[in-house]
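Comments concern the structure below.
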Amino acid sequence: MNKTIRRASVFSLLLVLALLGRATWVQAYQARALADDDRNRRNTIAQYAQPLGDIIVAGSPVTGSRRTEGGDLAYKRTYKEGGLYAAVTGYGSQAYGSTQLEGIYGDVLDGTDTRLKNPLDALTGRQSAPGDVLTTIDPEVQKAASEALGDDKGAAVAIDPKSGQILGMVSSPSYDPSDISGTTDGDAWRKLLADPDKPLVNRALRQPLAPGSTFKLVVAAAALENGLYSSVDEATKSPVPYTLPGTSTVLRNESATAPCENATLRVALQYSCNNVFGKVAADLGQEKVRAMAEKFGFNTEKLDVPVRASKSIYPSGMDKAQTALSGIGQFEVTATPLQIAMVSATLANDGELAAPHMVSEVTDADGGTLEDFEDGDMKRVVSSSTAQQLRSAMVTVVEEGTGTNARIDGAEVGGKTGTAENGVDNSNTPYAWFTSYAKDDADGQEVAVAVIVEDAGSAASEVSGNGLAAPIAQKMMKAALQR
């Protein structure tokens, strides 16, 4: 063989080896990355190749699937009462991806989760029948919250204190996920993105705002747990007027005639006395208040229900004046409605926090369990005595104080109102908050709720937790007690 042919043969052999090596590398090492690449159209085709599994509420699906006409995506997601359950389901869109339960359990719902495969599926590579996601949502509580919020901008959450089950979760304004589930819904998508009220944001989980006076429950718990005061009926050392430490700024009370001077914690909650809780927070110091807030769930980076909630914040690095302002739920304190509902749920559950969750089970197509979320994963937050005392004070708020619109015949109801400043020098409409618990006198059924009304179209002077948020909470609690 002459030298030219030999060199050409060796070069050709090297090319073949290089091709074989590259093919081996792609198939052995890059196959998964290529399969998972967002630009791989085959993934989307497989996702919508068959009817999707469903998200279930009280035994009935609130989602569905519809055969498409033309194109390579055989089915698209549909929703029953989509606007009612959007804060629970999220959206599943052929063009814009998936969020919330649709996104978290996407592999189960489209049948690509490996846990769904039987031996024959694994052998043949056939796509498995999809599974379902069973929620803890009570449809009556959900409807009560949605109807009571109406067109108001805000959110509401209801929790079973003993189990941690989320019974209702509503964000307003809402949207219908069916409007953006296909590939030709660009106009609807752009309209949602351009809406200044941000209907795609789940306000119940993903929009922490100043909690106002609802945070006073956390400060009262810190005062009792740290021995600053022995009971909710011990007089505090709280002058009126109270000047923020190191400043000439007076912390004013909403009512100048309320009996807030040296008031007990019970009376201070009843009349929502800023001077008392500002002074208590300053006396305790930010570290003790923060420690209590964090026991309730503030500053938690990963609060998954299983949708991840935004972090509710109790800040650090404050001076004494700022610490005092934090004691009334202002300065840089922020909280989601879920977090504030967790505070009331803990007190209702004798001081123990049951981990909140809105999925009870994930199943395969035959109803077999893939994941089971047990109720009652408990964490002690405050003592039984502290919880009992604060429940008693919350009852006083509803029976004789600022929360009378939450009363329910035949039930023990305790609550706390809040009106949080919004904007520089409170230049925007304040936020109206209400958090509460209710216990049926006859059967012991319980629920805890939190409601925020960001904007109801009312003048700033007409905004109050009792006037706007408490009636919504009352309707939710009433629905929950009838389960």
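Just remember, in the structure tokens the first chain shown is A, the second B, etc., residues are 1-based per chain, and ligands are 1-based in the order shown.
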Ala223 of chain A environment, 9 Å, only C-alpha atoms, sequence neighbours closer than 6 positions dropped, as a PyMOL selection string: chain A and resi 229-230+280-281+284+288-289
Write out the residues from the selection above, keeping all heavy atoms, as a CSV table (one decimal), in the first residue's frame.
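Listed below is the output, again-v3.csv:
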```csv
chain,number,residue,atom,x,y,z
A,229,TYR,N,-44.4,40.6,81.0
A,229,TYR,CA,-45.6,40.7,81.8
A,229,TYR,C,-46.1,39.3,82.0
A,229,TYR,O,-45.9,38.4,81.2
A,229,TYR,CB,-46.7,41.5,81.0
A,229,TYR,CG,-46.2,43.0,80.9
A,229,TYR,CD1,-45.8,43.5,79.6
A,229,TYR,CD2,-46.2,43.9,81.9
A,229,TYR,CE1,-45.4,44.8,79.5
A,229,TYR,CE2,-45.8,45.2,81.8
A,229,TYR,CZ,-45.4,45.6,80.6
A,229,TYR,OH,-44.9,46.9,80.5
A,230,SER,N,-46.7,39.1,83.2
A,230,SER,CA,-47.1,37.8,83.6
A,230,SER,C,-48.4,37.3,83.0
A,230,SER,O,-48.7,36.1,83.0
A,230,SER,CB,-47.1,37.7,85.1
A,230,SER,OG,-48.1,38.6,85.6
A,280,VAL,N,-43.7,48.0,74.3
A,280,VAL,CA,-43.4,46.6,74.6
A,280,VAL,C,-42.2,46.1,73.7
A,280,VAL,O,-41.3,45.5,74.1
A,280,VAL,CB,-44.6,45.7,74.5
A,280,VAL,CG1,-44.2,44.2,74.4
A,280,VAL,CG2,-45.6,45.9,75.6
A,281,ALA,N,-42.3,46.4,72.4
A,281,ALA,CA,-41.3,45.9,71.5
A,281,ALA,C,-40.0,46.6,71.8
A,281,ALA,O,-38.9,45.9,71.8
A,281,ALA,CB,-41.7,46.3,70.0
A,284,LEU,N,-38.6,44.9,75.0
A,284,LEU,CA,-38.1,43.6,74.8
A,284,LEU,C,-36.8,43.6,74.0
A,284,LEU,O,-35.9,42.8,74.2
A,284,LEU,CB,-39.1,42.8,74.0
A,284,LEU,CG,-40.3,42.2,74.7
A,284,LEU,CD1,-41.4,41.7,73.7
A,284,LEU,CD2,-40.0,41.1,75.7
A,288,LYS,N,-35.5,39.6,70.8
A,288,LYS,CA,-36.5,38.8,71.4
A,288,LYS,C,-37.8,38.8,70.6
A,288,LYS,O,-38.4,37.8,70.4
A,288,LYS,CB,-36.8,39.3,72.8
A,288,LYS,CG,-35.7,39.0,73.8
A,288,LYS,CD,-36.0,39.4,75.2
A,288,LYS,CE,-34.9,39.1,76.2
A,288,LYS,NZ,-35.2,39.5,77.6
A,289,VAL,N,-38.1,40.0,70.0
A,289,VAL,CA,-39.3,40.0,69.1
A,289,VAL,C,-39.0,39.2,67.9
A,289,VAL,O,-39.9,38.4,67.4
A,289,VAL,CB,-39.6,41.5,68.7
A,289,VAL,CG1,-40.8,41.5,67.8
A,289,VAL,CG2,-39.9,42.3,70.0
```
Any chance you could tabulate, as a tab-separated table, the residues of segment 353-424 of chain A at most 12 Å from segment 251-257 of chain A with each one's nearest atom pair and distance in Å to one decimal, using only C-alpha atoms, in chain and rising number order?
```
residue	atom	partner	partner_atom	distance
A:Thr402	CA	A:Glu254	CA	11.0
A:Gly418	CA	A:Glu254	CA	10.9
A:Thr419	CA	A:Glu254	CA	9.6
A:Ala420	CA	A:Glu254	CA	11.6
```
Selection export as a PDB file, in the first residue's frame, atoms kept: N, CA, C and O atoms:
```pdb
ATOM      1  N   THR A 402     -62.451  46.021  68.575  1.00  0.00           N
ATOM      2  CA  THR A 402     -62.445  46.522  67.196  1.00  0.00           C
ATOM      3  C   THR A 402     -62.817  45.481  66.157  1.00  0.00           C
ATOM      4  O   THR A 402     -62.780  45.767  64.960  1.00  0.00           O
ATOM      5  N   GLY A 418     -56.266  45.069  61.828  1.00  0.00           N
ATOM      6  CA  GLY A 418     -55.041  45.777  61.487  1.00  0.00           C
ATOM      7  C   GLY A 418     -55.304  46.755  60.360  1.00  0.00           C
ATOM      8  O   GLY A 418     -56.035  46.443  59.417  1.00  0.00           O
ATOM      9  N   THR A 419     -54.726  47.937  60.484  1.00  0.00           N
ATOM     10  CA  THR A 419     -54.757  48.917  59.400  1.00  0.00           C
ATOM     11  C   THR A 419     -53.332  49.368  59.197  1.00  0.00           C
ATOM     12  O   THR A 419     -52.747  50.021  60.062  1.00  0.00           O
ATOM     13  N   ALA A 420     -52.738  48.978  58.077  1.00  0.00           N
ATOM     14  CA  ALA A 420     -51.318  49.214  57.846  1.00  0.00           C
ATOM     15  C   ALA A 420     -51.106  50.387  56.907  1.00  0.00           C
ATOM     16  O   ALA A 420     -51.764  50.501  55.865  1.00  0.00           O
TER      17      ALA A 420
END
```
DSSP strand (DSSP E or B) selection over segment 202-303 of chain A, as a ChimeraX atom specification: /A:209,235,242-243,250-251,264,303
Pull C-alpha atoms from the residues just selected and write them as a JSON list (two decimals), in the first residue's frame.
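Heads up, here's the output in out12.json:
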```
[["chain", "number", "residue", "atom", "x", "y", "z"],
["A", 209, "LEU", "CA", -47.05, 43.60, 52.88],
["A", 235, "ALA", "CA", -51.02, 46.63, 83.64],
["A", 242, "TYR", "CA", -45.48, 57.64, 73.90],
["A", 243, "THR", "CA", -42.48, 59.19, 72.18],
["A", 250, "VAL", "CA", -45.06, 60.69, 69.13],
["A", 251, "LEU", "CA", -46.58, 57.29, 68.35],
["A", 264, "THR", "CA", -53.13, 45.66, 79.95],
["A", 303, "LEU", "CA", -42.12, 27.77, 53.26]]
```
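Closest approach to Gln482 of chain A among A:Asp443, A:Glu400, A:Asp319, A:Glu421: A:Asp443, based on only C-alpha atoms.
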Spatial neighbours of Leu73 of chain A, 6 Å, only C-alpha atoms, chain gap at least 2 places, as a list in words: Ile45, Tyr48, Gly71 and Tyr75 of chain A
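Near Glu462 of chain A, within 12 Å and counting only C-alpha atoms, sit Thr419, Thr429, Pro430, Tyr431, Ala432, Asp455, Ala456, Gly457, Ser458, Ala459, Gly465, Asn466, Gly467 and Leu468 of chain A; same-chain residues fewer than 3 positions away were not included.
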Write the residues of the selection above to a file with N, CA and C atoms, as a JSON list (two decimals), in the first residue's frame.
```json
[["chain", "number", "residue", "atom", "x", "y", "z"],
["A", 419, "THR", "N", -54.73, 47.94, 60.48],
["A", 419, "THR", "CA", -54.76, 48.92, 59.40],
["A", 419, "THR", "C", -53.33, 49.37, 59.20],
["A", 429, "THR", "N", -53.76, 54.41, 49.86],
["A", 429, "THR", "CA", -54.83, 53.80, 50.65],
["A", 429, "THR", "C", -54.25, 52.76, 51.60],
["A", 430, "PRO", "N", -54.56, 52.83, 52.89],
["A", 430, "PRO", "CA", -54.02, 51.85, 53.85],
["A", 430, "PRO", "C", -54.55, 50.45, 53.56],
["A", 431, "TYR", "N", -53.82, 49.45, 54.06],
["A", 431, "TYR", "CA", -54.26, 48.07, 53.95],
["A", 431, "TYR", "C", -55.13, 47.73, 55.16],
["A", 432, "ALA", "N", -56.23, 47.05, 54.89],
["A", 432, "ALA", "CA", -57.11, 46.59, 55.97],
["A", 432, "ALA", "C", -56.89, 45.10, 56.20],
["A", 455, "ASP", "N", -57.27, 47.28, 48.51],
["A", 455, "ASP", "CA", -57.98, 48.43, 47.96],
["A", 455, "ASP", "C", -59.42, 48.02, 47.69],
["A", 456, "ALA", "N", -60.35, 48.70, 48.35],
["A", 456, "ALA", "CA", -61.77, 48.44, 48.13],
["A", 456, "ALA", "C", -62.47, 49.63, 47.51],
["A", 457, "GLY", "N", -61.66, 50.61, 47.06],
["A", 457, "GLY", "CA", -62.26, 51.80, 46.49],
["A", 457, "GLY", "C", -62.77, 52.78, 47.52],
["A", 458, "SER", "N", -62.43, 52.54, 48.79],
["A", 458, "SER", "CA", -62.89, 53.41, 49.87],
["A", 458, "SER", "C", -61.90, 54.54, 50.11],
["A", 459, "ALA", "N", -62.38, 55.62, 50.67],
["A", 459, "ALA", "CA", -61.49, 56.70, 51.09],
["A", 459, "ALA", "C", -60.62, 56.19, 52.23],
["A", 465, "GLY", "N", -59.82, 47.44, 59.50],
["A", 465, "GLY", "CA", -59.86, 45.98, 59.49],
["A", 465, "GLY", "C", -61.24, 45.45, 59.80],
["A", 466, "ASN", "N", -61.92, 46.08, 60.74],
["A", 466, "ASN", "CA", -63.26, 45.62, 61.12],
["A", 466, "ASN", "C", -64.28, 45.89, 60.03],
["A", 467, "GLY", "N", -64.14, 47.05, 59.36],
["A", 467, "GLY", "CA", -65.12, 47.41, 58.35],
["A", 467, "GLY", "C", -64.98, 46.65, 57.05],
["A", 468, "LEU", "N", -63.74, 46.38, 56.61],
["A", 468, "LEU", "CA", -63.52, 45.77, 55.31],
["A", 468, "LEU", "C", -63.14, 44.29, 55.37]]
```
Shell of 6 Å around Glu371 of chain A, only C-alpha atoms, local chain residues under 2 positions omitted, as a PyMOL selection string: chain A and resi 361-362+369
Prev. selection, N, CA and C atoms, output as a PDB file, in the first residue's frame:
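The resulting file, selection-v8.pdb, is reproduced below:
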```pdb
ATOM      1  N   GLU A 361     -52.737  14.372  48.840  1.00  0.00           N
ATOM      2  CA  GLU A 361     -52.254  13.131  48.244  1.00  0.00           C
ATOM      3  C   GLU A 361     -52.012  13.334  46.746  1.00  0.00           C
ATOM      4  N   VAL A 362     -51.027  12.624  46.236  1.00  0.00           N
ATOM      5  CA  VAL A 362     -50.778  12.551  44.788  1.00  0.00           C
ATOM      6  C   VAL A 362     -50.923  11.090  44.392  1.00  0.00           C
ATOM      7  N   THR A 369     -51.357   5.536  45.737  1.00  0.00           N
ATOM      8  CA  THR A 369     -50.679   6.698  46.320  1.00  0.00           C
ATOM      9  C   THR A 369     -49.227   6.796  45.858  1.00  0.00           C
TER      10      THR A 369
END
```
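Closest approach to Thr396 of chain A among A:Gly103, A:Gly92, A:Gly414, A:Gly227 is made by A:Gly414 (distances from only C-alpha atoms).
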Which of segment 92-275 of chain A DSSP labels alpha helix (DSSP H), written as a VMD selection string: chain A and resid 100 to 104 106 to 110 119 to 124 139 to 149 186 to 194 203 to 206 216 to 225 265 to 271 274 to 275
Non-local contacts of Val449 of chain A (12 Å; only C-alpha atoms; under 3 positions in same chain excluded) as a PyMOL selection string: chain A and resi 141-142+145+155-161+164-170+204+214+337-348+406+413-417+433-439+446+452+469-480
Shell of 7 Å around Ala282 of chain A, only C-alpha atoms, local chain residues under 4 positions omitted, as a list in words: Gly278, Lys320, Thr323 and Ala324 of chain A
Dump of N, CA and C atoms for the selected residues, as an mmCIF file, in the first residue's frame:
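Result file follows (out.cif):
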```cif
data_model
loop_
_atom_site.group_PDB
_atom_site.id
_atom_site.type_symbol
_atom_site.label_atom_id
_atom_site.label_comp_id
_atom_site.auth_asym_id
_atom_site.auth_seq_id
_atom_site.Cartn_x
_atom_site.Cartn_y
_atom_site.Cartn_z
ATOM 1 N N GLY A 278 -45.735 49.491 70.837
ATOM 2 C CA GLY A 278 -44.476 50.128 70.509
ATOM 3 C C GLY A 278 -43.524 50.074 71.687
ATOM 4 N N LYS A 320 -33.777 51.704 68.408
ATOM 5 C CA LYS A 320 -34.913 51.501 69.329
ATOM 6 C C LYS A 320 -36.213 52.069 68.778
ATOM 7 N N THR A 323 -37.444 49.675 66.222
ATOM 8 C CA THR A 323 -37.951 48.481 66.894
ATOM 9 C C THR A 323 -39.349 48.728 67.435
ATOM 10 N N ALA A 324 -39.559 49.926 67.986
ATOM 11 C CA ALA A 324 -40.898 50.270 68.481
ATOM 12 C C ALA A 324 -41.911 50.265 67.342
#
```
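With distances restricted to only C-alpha atoms, A:Gly64 is the closest residue to Ser181 of chain A from A:Gly212, A:Gly64, A:Pro315, A:Gly154.
Using only C-alpha atoms, the nearest neighbour of Arg115 of chain A within the list A:Leu370, A:Leu200, A:Ala46, A:Met394 is A:Leu370.
Atom CA of Ala355 of chain A to atom CA of Met378 of chain A spans 6.5 Å [interatomic distance, one decimal].
Straight-line separation from atom CA of Ser360 of chain A to atom CA of Glu412 of chain A: 27.8 Å.
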Pairwise distance for atom CA of Val276 of chain A and atom CA of Thr300 of chain A, rounded to one decimal in Å: 27.4 Å
A:Ser213, A:Ser9, A:Thr363, A:Ser93 ranked by distance to Trp189 of chain A, top pick (using only C-alpha atoms): A:Ser93
